[in-house]
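Here is data_30.json, consisting of JSON, C-alpha atoms:
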```
[["chain", "number", "residue", "atom", "x", "y", "z"],
["A", 69, "MET", "CA", 52.30, 97.52, 60.14],
["A", 70, "GLU", "CA", 54.20, 97.21, 56.85],
["A", 71, "ASN", "CA", 54.81, 100.99, 57.03],
["A", 72, "ILE", "CA", 56.66, 100.83, 60.36],
["A", 73, "ARG", "CA", 60.18, 102.24, 60.17],
["A", 74, "TYR", "CA", 63.02, 102.16, 62.68],
["A", 75, "SER", "CA", 65.85, 104.62, 63.02],
["A", 76, "SER", "CA", 69.37, 103.24, 63.29],
["A", 77, "LYS", "CA", 69.46, 104.34, 66.93],
["A", 78, "ARG", "CA", 66.20, 102.55, 67.76],
["A", 79, "LEU", "CA", 67.24, 99.34, 66.03],
["A", 80, "CYS", "CA", 70.51, 99.35, 67.97],
["A", 81, "GLU", "CA", 68.60, 99.88, 71.24],
["A", 82, "ILE", "CA", 66.25, 96.96, 70.55],
["A", 83, "LEU", "CA", 69.05, 94.59, 69.56],
["A", 84, "GLY", "CA", 71.65, 95.75, 72.07],
["A", 85, "ALA", "CA", 74.11, 96.12, 69.19],
["A", 86, "THR", "CA", 76.32, 98.82, 67.72],
["A", 87, "SER", "CA", 75.35, 100.75, 64.61],
["A", 88, "ARG", "CA", 78.21, 99.13, 62.73],
["A", 89, "GLN", "CA", 76.99, 95.65, 63.65],
["A", 90, "VAL", "CA", 73.47, 96.50, 62.53],
["A", 91, "HIS", "CA", 74.65, 98.05, 59.25],
["A", 92, "GLU", "CA", 76.76, 95.02, 58.42],
["A", 93, "ALA", "CA", 73.98, 92.59, 59.35],
["A", 94, "VAL", "CA", 71.27, 94.31, 57.31],
["A", 95, "GLY", "CA", 73.32, 95.79, 54.50],
["A", 96, "LYS", "CA", 71.90, 99.30, 54.69],
["A", 97, "ARG", "CA", 72.01, 102.33, 56.95],
["A", 98, "ASP", "CA", 68.45, 103.65, 57.14],
["A", 99, "ALA", "CA", 64.75, 102.99, 56.45],
["A", 100, "TYR", "CA", 64.75, 99.84, 58.54],
["A", 101, "GLY", "CA", 61.53, 97.86, 58.79],
["A", 102, "PRO", "CA", 60.34, 94.96, 60.98],
["A", 103, "ALA", "CA", 61.83, 92.45, 58.52],
["A", 104, "ASP", "CA", 65.23, 94.12, 58.91],
["A", 105, "LEU", "CA", 64.91, 93.84, 62.68],
["A", 106, "ALA", "CA", 64.26, 90.11, 62.41],
["A", 107, "ALA", "CA", 67.09, 89.60, 59.91],
["A", 108, "ALA", "CA", 69.58, 91.52, 62.04],
["A", 109, "ARG", "CA", 68.57, 89.60, 65.15],
["A", 110, "GLN", "CA", 69.13, 86.29, 63.38],
["A", 111, "ARG", "CA", 72.49, 87.26, 61.89],
["A", 112, "LEU", "CA", 73.75, 88.77, 65.13],
["A", 113, "LYS", "CA", 72.46, 85.78, 67.12],
["A", 114, "LYS", "CA", 70.46, 88.02, 69.43],
["A", 115, "ALA", "CA", 67.44, 85.74, 69.82],
["A", 116, "PRO", "CA", 66.23, 85.21, 73.41],
["A", 117, "PRO", "CA", 66.76, 81.74, 74.88],
["A", 118, "PRO", "CA", 64.02, 79.13, 74.35],
["A", 119, "ARG", "CA", 61.27, 79.13, 76.96],
["A", 120, "PRO", "CA", 58.07, 77.19, 77.69],
["A", 121, "ARG", "CA", 54.97, 78.65, 76.08],
["A", 122, "ARG", "CA", 53.06, 81.10, 78.26],
["A", 123, "VAL", "CA", 49.40, 82.08, 77.79],
["A", 124, "GLN", "CA", 48.58, 85.56, 79.08],
["A", 125, "LEU", "CA", 45.04, 86.94, 79.16],
["A", 126, "PHE", "CA", 44.14, 90.64, 79.32],
["A", 127, "LEU", "CA", 40.67, 90.87, 80.86],
["A", 128, "ASN", "CA", 38.49, 93.16, 82.91],
["A", 129, "PHE", "CA", 34.71, 92.86, 83.19],
["A", 130, "LYS", "CA", 34.59, 96.67, 83.24],
["A", 131, "GLY", "CA", 34.99, 98.34, 79.85],
["A", 132, "GLY", "CA", 36.98, 101.44, 79.00],
["A", 133, "THR", "CA", 40.18, 100.49, 80.83],
["A", 134, "GLY", "CA", 42.43, 100.60, 77.75],
["A", 135, "LYS", "CA", 42.87, 96.85, 77.78],
["A", 136, "THR", "CA", 43.15, 96.46, 74.01],
["A", 137, "SER", "CA", 45.73, 99.20, 73.49],
["A", 138, "LEU", "CA", 47.86, 97.68, 76.26],
["A", 139, "SER", "CA", 47.54, 94.05, 75.16],
["A", 140, "SER", "CA", 48.27, 94.66, 71.46],
["A", 141, "SER", "CA", 51.28, 96.86, 72.23],
["A", 142, "TYR", "CA", 52.46, 94.36, 74.85],
["A", 143, "ALA", "CA", 52.33, 91.53, 72.29],
["A", 144, "TYR", "CA", 54.14, 93.68, 69.72],
["A", 145, "ARG", "CA", 56.92, 94.53, 72.17],
["A", 146, "LEU", "CA", 57.44, 90.87, 73.03],
["A", 147, "ALA", "CA", 57.88, 90.18, 69.31],
["A", 148, "GLU", "CA", 60.27, 93.14, 69.01],
["A", 149, "ARG", "CA", 62.35, 91.51, 71.71],
["A", 150, "GLY", "CA", 62.59, 88.38, 69.57],
["A", 151, "HIS", "CA", 59.95, 86.18, 71.17],
["A", 152, "ARG", "CA", 57.53, 84.18, 69.02],
["A", 153, "VAL", "CA", 54.11, 85.62, 69.82],
["A", 154, "LEU", "CA", 50.53, 84.79, 68.91],
["A", 155, "MET", "CA", 47.93, 87.50, 69.54],
["A", 156, "ILE", "CA", 44.34, 86.24, 69.81],
["A", 157, "ASP", "CA", 41.53, 88.77, 69.47],
["A", 158, "LEU", "CA", 38.53, 87.46, 71.42],
["A", 159, "ASP", "CA", 36.36, 90.57, 71.05],
["A", 160, "SER", "CA", 33.79, 90.68, 68.22],
["A", 161, "GLN", "CA", 34.53, 94.39, 67.79],
["A", 162, "GLY", "CA", 37.96, 93.39, 66.50],
["A", 163, "HIS", "CA", 39.78, 96.29, 68.12],
["A", 164, "ALA", "CA", 42.99, 94.35, 68.83],
["A", 165, "THR", "CA", 42.96, 93.30, 65.18],
["A", 166, "LYS", "CA", 42.73, 96.96, 64.17],
["A", 167, "CYS", "CA", 45.45, 97.98, 66.62],
["A", 168, "LEU", "CA", 47.78, 95.63, 64.74],
["A", 169, "GLY", "CA", 46.88, 97.18, 61.39],
["A", 170, "LYS", "CA", 44.34, 94.64, 60.13],
["A", 171, "GLU", "CA", 40.62, 94.87, 59.34],
["A", 172, "GLY", "CA", 38.76, 91.97, 60.90],
["A", 173, "ALA", "CA", 35.90, 92.10, 58.40],
["A", 174, "SER", "CA", 38.30, 91.12, 55.61],
["A", 175, "PHE", "CA", 38.94, 87.70, 57.14],
["A", 176, "PRO", "CA", 36.34, 84.97, 56.58],
["A", 177, "ARG", "CA", 37.41, 82.85, 59.57],
["A", 178, "THR", "CA", 38.02, 83.65, 63.23],
["A", 179, "LEU", "CA", 38.37, 81.81, 66.52],
["A", 180, "HIS", "CA", 34.67, 80.97, 66.15],
["A", 181, "ASP", "CA", 35.63, 78.43, 63.48],
["A", 182, "VAL", "CA", 38.30, 76.96, 65.74],
["A", 183, "LEU", "CA", 36.12, 76.52, 68.81],
["A", 184, "ILE", "CA", 32.86, 75.53, 67.10],
["A", 185, "ARG", "CA", 33.91, 73.83, 63.87],
["A", 186, "LYS", "CA", 37.26, 72.50, 65.14],
["A", 187, "VAL", "CA", 39.22, 74.23, 62.36],
["A", 188, "PRO", "CA", 42.95, 74.04, 63.25],
["A", 189, "LEU", "CA", 44.21, 77.20, 64.90],
["A", 190, "ALA", "CA", 46.93, 77.57, 62.26],
["A", 191, "ASP", "CA", 44.27, 77.82, 59.54],
["A", 192, "VAL", "CA", 42.82, 81.05, 60.97],
["A", 193, "THR", "CA", 46.17, 82.60, 61.97],
["A", 194, "ILE", "CA", 47.52, 85.46, 59.85],
["A", 195, "GLU", "CA", 50.81, 87.35, 59.65],
["A", 196, "THR", "CA", 50.92, 90.93, 60.88],
["A", 197, "GLY", "CA", 53.94, 92.40, 59.10],
["A", 198, "MET", "CA", 56.07, 92.02, 62.25],
["A", 199, "PRO", "CA", 58.04, 88.78, 62.02],
["A", 200, "ASN", "CA", 57.42, 86.62, 65.10],
["A", 201, "LEU", "CA", 54.00, 88.23, 65.69],
["A", 202, "ALA", "CA", 51.01, 86.27, 64.36],
["A", 203, "LEU", "CA", 47.33, 87.13, 64.86],
["A", 204, "VAL", "CA", 44.04, 85.32, 65.16],
["A", 205, "PRO", "CA", 41.73, 88.12, 63.97],
["A", 206, "SER", "CA", 38.20, 88.87, 65.11],
["A", 207, "ASN", "CA", 35.07, 90.41, 63.65],
["A", 208, "LEU", "CA", 31.31, 90.41, 64.16],
["A", 209, "GLY", "CA", 31.25, 86.70, 63.35],
["A", 210, "MET", "CA", 32.45, 86.19, 66.93],
["A", 211, "SER", "CA", 29.36, 87.84, 68.42],
["A", 212, "THR", "CA", 27.34, 84.60, 68.67],
["A", 213, "ILE", "CA", 30.09, 82.38, 70.02],
["A", 214, "ASP", "CA", 28.72, 82.11, 73.58],
["A", 215, "LEU", "CA", 25.42, 80.77, 72.26],
["A", 216, "ALA", "CA", 27.20, 78.39, 69.90],
["A", 217, "LEU", "CA", 29.35, 77.02, 72.75],
["A", 218, "MET", "CA", 26.40, 76.44, 75.07],
["A", 219, "PRO", "CA", 25.29, 72.96, 73.90],
["A", 220, "LEU", "CA", 28.77, 71.59, 73.20],
["A", 221, "ALA", "CA", 30.54, 68.96, 75.26],
["A", 222, "GLY", "CA", 33.63, 70.21, 77.07],
["A", 223, "ARG", "CA", 32.59, 73.75, 76.26],
["A", 224, "GLU", "CA", 34.83, 75.34, 78.94],
["A", 225, "PHE", "CA", 38.01, 73.68, 77.63],
["A", 226, "ARG", "CA", 37.79, 74.16, 73.86],
["A", 227, "LEU", "CA", 40.26, 77.04, 73.70],
["A", 228, "ARG", "CA", 42.74, 75.24, 75.94],
["A", 229, "LYS", "CA", 42.61, 72.23, 73.63],
["A", 230, "ALA", "CA", 42.95, 74.39, 70.51],
["A", 231, "LEU", "CA", 46.08, 75.98, 71.94],
["A", 232, "GLU", "CA", 47.77, 72.60, 72.26],
["A", 233, "ASP", "CA", 48.85, 73.07, 68.65],
["A", 234, "ALA", "CA", 50.69, 76.26, 69.68],
["A", 235, "THR", "CA", 52.76, 74.64, 72.42],
["A", 236, "THR", "CA", 56.03, 74.55, 70.47],
["A", 237, "LYS", "CA", 55.38, 77.21, 67.83],
["A", 238, "TYR", "CA", 55.05, 80.22, 70.15],
["A", 239, "ASP", "CA", 56.73, 81.51, 73.29],
["A", 240, "PHE", "CA", 53.76, 83.68, 74.24],
["A", 241, "VAL", "CA", 50.05, 83.62, 73.48],
["A", 242, "VAL", "CA", 48.51, 87.01, 74.35],
["A", 243, "MET", "CA", 44.71, 87.19, 74.41],
["A", 244, "ASP", "CA", 42.56, 90.32, 74.41],
["A", 245, "ALA", "CA", 39.11, 89.58, 75.86],
["A", 246, "PRO", "CA", 35.84, 91.54, 75.71],
["A", 247, "PRO", "CA", 34.62, 93.23, 78.93],
["A", 248, "SER", "CA", 31.97, 90.67, 79.72],
["A", 249, "PHE", "CA", 31.44, 87.32, 81.37],
["A", 250, "GLY", "CA", 30.43, 84.37, 79.24],
["A", 251, "LEU", "CA", 31.61, 81.04, 77.92],
["A", 252, "LEU", "CA", 34.25, 82.57, 75.67],
["A", 253, "ASN", "CA", 35.94, 84.39, 78.53],
["A", 254, "LEU", "CA", 35.55, 81.29, 80.69],
["A", 255, "ASN", "CA", 37.44, 79.40, 77.97],
["A", 256, "ALA", "CA", 40.12, 82.09, 77.99],
["A", 257, "LEU", "CA", 40.51, 81.91, 81.77],
["A", 258, "MET", "CA", 40.75, 78.13, 81.65],
["A", 259, "ALA", "CA", 43.47, 78.35, 78.99],
["A", 260, "ALA", "CA", 45.52, 81.10, 80.67],
["A", 261, "ASP", "CA", 48.62, 80.86, 82.81],
["A", 262, "ASP", "CA", 48.60, 84.54, 83.72],
["A", 263, "LEU", "CA", 45.77, 87.06, 84.06],
["A", 264, "VAL", "CA", 46.54, 90.73, 83.42],
["A", 265, "ILE", "CA", 43.82, 93.10, 84.65],
["A", 266, "PRO", "CA", 44.06, 96.70, 83.40],
["A", 267, "VAL", "CA", 42.15, 99.07, 85.68],
["A", 268, "LEU", "CA", 41.58, 102.79, 85.93],
["A", 269, "ALA", "CA", 42.40, 104.67, 89.10],
["A", 270, "ASP", "CA", 38.76, 105.21, 90.00],
["A", 271, "PHE", "CA", 36.49, 103.52, 92.48],
["A", 272, "LEU", "CA", 34.21, 102.11, 89.78],
["A", 273, "SER", "CA", 37.02, 99.71, 88.96],
["A", 274, "TYR", "CA", 36.42, 97.92, 92.24],
["A", 275, "ASP", "CA", 33.15, 96.37, 91.03],
["A", 276, "GLY", "CA", 34.86, 94.81, 88.03],
["A", 277, "LEU", "CA", 37.76, 93.58, 90.15],
["A", 278, "ARG", "CA", 35.49, 92.07, 92.78],
["A", 279, "LEU", "CA", 33.46, 90.15, 90.18],
["A", 280, "LEU", "CA", 36.57, 88.99, 88.38],
["A", 281, "PHE", "CA", 38.22, 87.69, 91.54],
["A", 282, "GLU", "CA", 34.99, 85.90, 92.48],
["A", 283, "THR", "CA", 35.02, 84.26, 89.05],
["A", 284, "VAL", "CA", 38.65, 83.20, 89.42],
["A", 285, "GLN", "CA", 37.85, 81.70, 92.83],
["A", 286, "GLY", "CA", 34.98, 79.79, 91.21],
["A", 287, "LEU", "CA", 37.39, 78.32, 88.66],
["A", 288, "GLU", "CA", 39.59, 77.05, 91.44],
["A", 289, "ASP", "CA", 36.68, 75.57, 93.38],
["A", 290, "ASP", "CA", 34.56, 74.15, 90.56],
["A", 291, "LEU", "CA", 36.90, 73.44, 87.66],
["A", 292, "ALA", "CA", 40.20, 72.84, 89.48],
["A", 293, "HIS", "CA", 42.06, 75.48, 87.50],
["A", 294, "GLN", "CA", 44.40, 77.88, 89.23],
["A", 295, "LEU", "CA", 45.99, 80.81, 87.45],
["A", 296, "GLU", "CA", 49.71, 80.95, 88.12],
["A", 297, "ASN", "CA", 49.82, 84.75, 88.31],
["A", 298, "ILE", "CA", 47.39, 87.66, 88.49],
["A", 299, "PHE", "CA", 48.65, 91.14, 87.69],
["A", 300, "ILE", "CA", 46.68, 94.36, 88.16],
["A", 301, "VAL", "CA", 47.92, 97.23, 85.99],
["A", 302, "VAL", "CA", 46.75, 100.79, 86.61],
["A", 303, "ASN", "CA", 46.25, 102.45, 83.22],
["A", 304, "ALA", "CA", 45.71, 106.07, 82.11],
["A", 305, "TYR", "CA", 46.83, 107.33, 85.50],
["A", 306, "ASN", "CA", 46.80, 111.08, 86.12],
["A", 307, "GLN", "CA", 48.34, 111.96, 89.45],
["A", 308, "THR", "CA", 47.02, 115.52, 89.32],
["A", 309, "PHE", "CA", 43.54, 114.17, 90.14],
["A", 310, "LYS", "CA", 42.94, 113.65, 93.84],
["A", 311, "ILE", "CA", 40.42, 110.86, 93.16],
["A", 312, "ALA", "CA", 43.06, 109.01, 91.12],
["A", 313, "ARG", "CA", 45.62, 109.22, 93.93],
["A", 314, "GLU", "CA", 43.08, 108.02, 96.48],
["A", 315, "ALA", "CA", 41.96, 105.14, 94.26],
["A", 316, "LEU", "CA", 45.56, 104.06, 93.69],
["A", 317, "GLU", "CA", 46.21, 104.03, 97.42],
["A", 318, "ALA", "CA", 43.07, 101.95, 97.95],
["A", 319, "LEU", "CA", 44.24, 99.47, 95.31],
["A", 320, "ARG", "CA", 47.62, 99.25, 97.03],
["A", 321, "GLU", "CA", 45.90, 98.54, 100.31],
["A", 322, "HIS", "CA", 43.38, 95.93, 99.17],
["A", 323, "TYR", "CA", 45.22, 94.27, 96.24],
["A", 324, "ALA", "CA", 48.85, 94.57, 97.32],
["A", 325, "ASP", "CA", 49.69, 91.01, 96.26],
["A", 326, "TYR", "CA", 48.52, 91.59, 92.69],
["A", 327, "LEU", "CA", 49.09, 95.27, 91.93],
["A", 328, "LEU", "CA", 52.20, 96.01, 89.87],
["A", 329, "PRO", "CA", 54.38, 98.87, 91.18],
["A", 330, "SER", "CA", 54.52, 100.65, 87.81],
["A", 331, "VAL", "CA", 51.52, 102.53, 86.48],
["A", 332, "VAL", "CA", 50.81, 103.48, 82.87],
["A", 333, "ARG", "CA", 50.33, 107.22, 82.83],
["A", 334, "GLN", "CA", 47.64, 108.94, 80.79],
["A", 335, "CYS", "CA", 49.04, 109.26, 77.27],
["A", 336, "THR", "CA", 47.25, 110.55, 74.19],
["A", 337, "LYS", "CA", 49.75, 108.72, 71.99],
["A", 338, "PHE", "CA", 47.91, 105.44, 72.67],
["A", 339, "ALA", "CA", 44.76, 106.73, 70.95],
["A", 340, "GLN", "CA", 46.76, 108.17, 68.06],
["A", 341, "ALA", "CA", 48.68, 104.93, 67.60],
["A", 342, "SER", "CA", 45.51, 102.82, 67.68],
["A", 343, "SER", "CA", 43.84, 105.04, 65.07],
["A", 344, "GLU", "CA", 46.73, 104.31, 62.72],
["A", 345, "GLY", "CA", 46.79, 100.58, 63.45],
["A", 346, "THR", "CA", 50.22, 100.87, 65.03],
["A", 347, "PRO", "CA", 51.37, 99.68, 68.49],
["A", 348, "ILE", "CA", 52.70, 102.42, 70.77],
["A", 349, "PHE", "CA", 56.25, 101.04, 70.61],
["A", 350, "ALA", "CA", 56.34, 101.56, 66.86],
["A", 351, "PHE", "CA", 54.36, 104.82, 66.88],
["A", 352, "ASP", "CA", 56.36, 106.64, 69.56],
["A", 353, "PRO", "CA", 58.76, 104.44, 71.57],
["A", 354, "ASP", "CA", 59.89, 107.45, 73.61],
["A", 355, "SER", "CA", 56.39, 108.40, 74.77],
["A", 356, "LYS", "CA", 55.51, 108.05, 78.43],
["A", 357, "GLY", "CA", 52.94, 105.40, 77.49],
["A", 358, "ALA", "CA", 55.59, 103.23, 75.84],
["A", 359, "THR", "CA", 58.07, 103.85, 78.66],
["A", 360, "ASP", "CA", 55.51, 102.86, 81.30],
["A", 361, "LEU", "CA", 54.29, 99.78, 79.46],
["A", 362, "GLU", "CA", 57.90, 98.66, 79.02],
["A", 363, "ALA", "CA", 58.30, 98.82, 82.81],
["A", 364, "VAL", "CA", 55.10, 96.82, 83.25],
["A", 365, "LEU", "CA", 56.33, 94.18, 80.81],
["A", 366, "ASP", "CA", 59.63, 93.90, 82.68],
["A", 367, "GLU", "CA", 57.85, 93.54, 86.03],
["A", 368, "ILE", "CA", 55.57, 90.81, 84.70],
["A", 369, "ALA", "CA", 58.53, 88.96, 83.19],
["A", 370, "LYS", "CA", 60.44, 89.18, 86.46],
["A", 371, "ARG", "CA", 57.53, 87.87, 88.54],
["A", 372, "VAL", "CA", 56.78, 85.06, 86.09],
["A", 373, "SER", "CA", 60.45, 84.00, 86.07],
["A", 374, "GLY", "CA", 60.61, 84.21, 89.84],
["A", 375, "ALA", "CA", 57.50, 82.12, 90.29],
["A", 376, "ALA", "CA", 58.78, 79.53, 87.82],
["A", 377, "GLY", "CA", 62.10, 79.34, 89.66],
["A", 378, "ALA", "CA", 60.35, 78.88, 92.99],
["A", 379, "ARG", "CA", 58.25, 76.03, 91.59],
["A", 380, "ALA", "CA", 61.32, 74.36, 90.12],
["A", 381, "GLY", "CA", 63.12, 74.64, 93.44],
["A", 382, "ALA", "CA", 60.16, 73.16, 95.31],
["A", 383, "ALA", "CA", 59.94, 70.28, 92.81],
["A", 384, "GLY", "CA", 63.61, 69.48, 93.26],
["A", 385, "ALA", "CA", 63.52, 69.62, 97.06]]
```

Serialized structure, structure tokens:
Amino acid sequence: MENIRYSSKRLCEILGATSRQVHEAVGKRDAYGPADLAAARQRLKKAPPPRPRRVQLFLNFKGGTGKTSLSSSYAYRLAERGHRVLMIDLDSQGHATKCLGKEGASFPRTLHDVLIRKVPLADVTIETGMPNLALVPSNLGMSTIDLALMPLAGREFRLRKALEDATTKYDFVVMDAPPSFGLLNLNALMAADDLVIPVLADFLSYDGLRLLFETVQGLEDDLAHQLENIFIVVNAYNQTFKIAREALEALREHYADYLLPSVVRQCTKFAQASSEGTPIFAFDPDSKGATDLEAVLDEIAKRVSGAAGARAGAAGA
């Protein structure tokens, strides 16, 4: 991501500042990079207000839903907005790592070392080139983690405990999980505040949703853990397909409490951005994919803030 460049117009849009303010803050008029964005934000005092850390998990037991492209771009956009973000790649294929411009195989340590060998989370965290966005990378060394967790005491809570070190350092922890059920994903669910479920507008998605909701119910019943929010996001939507329109209507009927109003339309720019190790917001911020994901991010933020306000009101009553 060191090659990412912002136009003056884009930097002004992100910061909500005038071009003159940006020029004076950074000391130049073009070829802005992520470091310039962070410097301008600090000098212009445009940082978002402090907030409690939030752990958000992107998971679907069905593969091929575009979960990794969404989660890595989502994390990047939060960092663009000035939040302190940690992205954790839970998938041994390391696709989220690649989407953020890094090669997982080049890193000797992953979350495996944290959960199994109790290495501090900070010791396996790397910088991404975007200030405020850190990454716990993944590679094939993660492929045996479920087996390694099996005999350990407190095996379901190891990730939650590891994240205790990130309570004050980050505003958001965004996790990209593999499309499977096992002890690693159980750890991720137990550590999460919010669950984001990317789905396709097809009826095969229902099997993955059903199994995932059954799993979440099991967490509530057996392990006394309740997710604060569950969000279903329809991805790669093409309204010209009748089956897609019918599937979306079915989702609205059966999952109305969880389905976000905005959908992410089918967008080839996601694949192009991922192939270059660049989040969609840096690759083409004006693309329909970036526009739609921005709307999704805003809706999630609004619901999370609303739920937090309701809880605070109830506590004070």

Counting all atoms listed in the file, note down every residue that has an atom within 9 Å of the point (68.0, 100.8, 64.0) (file coordinates), as a VMD selection string.
chain A and resid 73 to 83 87 90 to 91 97 to 101 104 to 105

Could you please take those selected residues and save C-alpha atoms as a PDB file, keeping the file's coordinate frame?
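The resulting file, again.pdb, is shown below:
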```
ATOM      1  CA  ARG A  73      60.180 102.240  60.170  1.00  0.00           C
ATOM      2  CA  TYR A  74      63.020 102.160  62.680  1.00  0.00           C
ATOM      3  CA  SER A  75      65.850 104.620  63.020  1.00  0.00           C
ATOM      4  CA  SER A  76      69.370 103.240  63.290  1.00  0.00           C
ATOM      5  CA  LYS A  77      69.460 104.340  66.930  1.00  0.00           C
ATOM      6  CA  ARG A  78      66.200 102.550  67.760  1.00  0.00           C
ATOM      7  CA  LEU A  79      67.240  99.340  66.030  1.00  0.00           C
ATOM      8  CA  CYS A  80      70.510  99.350  67.970  1.00  0.00           C
ATOM      9  CA  GLU A  81      68.600  99.880  71.240  1.00  0.00           C
ATOM     10  CA  ILE A  82      66.250  96.960  70.550  1.00  0.00           C
ATOM     11  CA  LEU A  83      69.050  94.590  69.560  1.00  0.00           C
ATOM     12  CA  SER A  87      75.350 100.750  64.610  1.00  0.00           C
ATOM     13  CA  VAL A  90      73.470  96.500  62.530  1.00  0.00           C
ATOM     14  CA  HIS A  91      74.650  98.050  59.250  1.00  0.00           C
ATOM     15  CA  ARG A  97      72.010 102.330  56.950  1.00  0.00           C
ATOM     16  CA  ASP A  98      68.450 103.650  57.140  1.00  0.00           C
ATOM     17  CA  ALA A  99      64.750 102.990  56.450  1.00  0.00           C
ATOM     18  CA  TYR A 100      64.750  99.840  58.540  1.00  0.00           C
ATOM     19  CA  GLY A 101      61.530  97.860  58.790  1.00  0.00           C
ATOM     20  CA  ASP A 104      65.230  94.120  58.910  1.00  0.00           C
ATOM     21  CA  LEU A 105      64.910  93.840  62.680  1.00  0.00           C
TER      22      LEU A 105
END
```

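Using only C-alpha atoms, the residues found no farther than 8 Å from stretch 327-335 of chain A, other than those of its own chain fewer than 5 positions away, are Phe299, Ile300, Val301, Val302, Asn303, Ala304, Tyr305, Asn306, Leu319, Arg320, Ser355, Lys356, Gly357, Asp360, Leu361, Ala363, Val364 and Glu367 of chain A.
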
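Residue nearest A:Phe338, chosen from A:Ala221, A:Met258, A:Ala358, A:Leu268 and counting only C-alpha atoms: A:Ala358.
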
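Atom CA of A:Lys135 is positioned 26.8 Å from atom CA of A:Ala292.
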
From A:Phe281, A:Phe309, A:Phe249, A:Tyr144, residue lying nearest A:Leu263 [all atoms listed in the file]
A:Phe281

8 Å contact set for stretch 176-190 of chain A, only C-alpha atoms, chain neighbours under 6 positions out, as an MDAnalysis selection string:
chainID A and resid 158 204:207 209:210 213 216:217 226:227 230:231 233

Figure out the distance between atom CA of A:Ile156 and atom CA of A:Asp244, please, to one decimal in Å.
6.4 Å

Report the distance between atom CA of A:Gly95 and atom CA of A:Ala107 in Å, rounded to one decimal place.
10.3 Å

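Closest approach to A:Asn200 among A:Ala143, A:Val153, A:Ala85, A:Leu257 is made by A:Val153 (distances from only C-alpha atoms).
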
Select, from A:Ile298, A:Val241, A:Ala259, A:Ala164, the residue with the minimum atom-to-atom distance to A:His151, counting all atoms listed in the file.
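Using all atoms listed in the file, A:His151 sits closest to A:Val241.
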
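Distance annotation: of A:Leu154, A:Leu203, A:Ile348, A:Ala234, the residue with the minimal separation from A:Phe175 is A:Leu203; atom set is only C-alpha atoms.
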
Distance criterion (all atoms listed in the file): nearest to A:Ile368 out of A:Lys96, A:Arg122, A:Lys337, A:His293
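Ranked by minimum distance to A:Ile368, first place goes to A:Arg122.
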
Output, as lines of an AutoDock Vina configuration file, the centre and edge lengths in Å (one decimal) of the axis-aligned box that contains all listed atoms of stretch 177-194 of chain A with 5 Å of margin on each side.
```
center_x = 40.2
center_y = 79.0
center_z = 64.2
size_x = 24.7
size_y = 23.0
size_z = 19.3
```

I want to know what sits within 6 Å of A:Leu125, based on all atoms listed in the file, with residues of the same chain fewer than 5 positions away left out; could you give that as number ranges by chain?
A: 242-243, 263-264

Store the residues picked out above, limited to C-alpha atoms, as a CSV table (one decimal), keeping the file's coordinate frame.
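Here's the written file result13.csv:
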```csv
chain,number,residue,atom,x,y,z
A,242,VAL,CA,48.5,87.0,74.4
A,243,MET,CA,44.7,87.2,74.4
A,263,LEU,CA,45.8,87.1,84.1
A,264,VAL,CA,46.5,90.7,83.4
```

With stretch 126-132 of chain A as the partner and 9 Å as the cut-off, tabulate the residues of stretch 270-368 of chain A that qualify, each row holding the nearest pair of atoms and their distance in Å to one decimal, using all atoms listed in the file, sorted by chain and rising number, as a tab-separated table.
```
residue	atom	partner	partner_atom	distance
A:Leu272	CA	A:Lys130	CA	8.5
A:Ser273	CA	A:Lys130	CA	6.9
A:Asp275	CA	A:Lys130	CA	7.9
A:Gly276	CA	A:Lys130	CA	5.1
A:Leu277	CA	A:Asn128	CA	7.3
A:Leu279	CA	A:Phe129	CA	7.6
A:Leu280	CA	A:Phe129	CA	6.7
```

Once you count only C-alpha atoms, which residues end up no further than 10 Å from (58.1, 93.7, 70.1) in the file's frame, shown as a ChimeraX atom specification?
/A:82,102,140-153,198-201,347,349-350

What would stretch 223-228 of chain A look like with N, CA, C and O atoms restored, written as a PDB file, keeping the file's coordinate frame?
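Everything below was put into part.pdb:
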```pdb
ATOM      1  N   ARG A 223      32.648  72.384  76.796  1.00  0.00           N
ATOM      2  CA  ARG A 223      32.590  73.750  76.260  1.00  0.00           C
ATOM      3  C   ARG A 223      33.576  74.697  76.953  1.00  0.00           C
ATOM      4  O   ARG A 223      34.028  75.661  76.344  1.00  0.00           O
ATOM      5  N   GLU A 224      33.929  74.445  78.210  1.00  0.00           N
ATOM      6  CA  GLU A 224      34.830  75.340  78.940  1.00  0.00           C
ATOM      7  C   GLU A 224      36.293  75.139  78.541  1.00  0.00           C
ATOM      8  O   GLU A 224      37.137  75.983  78.846  1.00  0.00           O
ATOM      9  N   PHE A 225      36.617  74.034  77.866  1.00  0.00           N
ATOM     10  CA  PHE A 225      38.010  73.680  77.630  1.00  0.00           C
ATOM     11  C   PHE A 225      38.402  73.716  76.149  1.00  0.00           C
ATOM     12  O   PHE A 225      39.496  73.290  75.796  1.00  0.00           O
ATOM     13  N   ARG A 226      37.532  74.219  75.305  1.00  0.00           N
ATOM     14  CA  ARG A 226      37.790  74.160  73.860  1.00  0.00           C
ATOM     15  C   ARG A 226      38.990  75.016  73.448  1.00  0.00           C
ATOM     16  O   ARG A 226      39.763  74.634  72.578  1.00  0.00           O
ATOM     17  N   LEU A 227      39.124  76.186  74.045  1.00  0.00           N
ATOM     18  CA  LEU A 227      40.260  77.040  73.700  1.00  0.00           C
ATOM     19  C   LEU A 227      41.565  76.434  74.205  1.00  0.00           C
ATOM     20  O   LEU A 227      42.580  76.447  73.514  1.00  0.00           O
ATOM     21  N   ARG A 228      41.534  75.896  75.408  1.00  0.00           N
ATOM     22  CA  ARG A 228      42.740  75.240  75.940  1.00  0.00           C
ATOM     23  C   ARG A 228      43.198  74.126  75.014  1.00  0.00           C
ATOM     24  O   ARG A 228      44.401  74.000  74.724  1.00  0.00           O
TER      25      ARG A 228
END
```
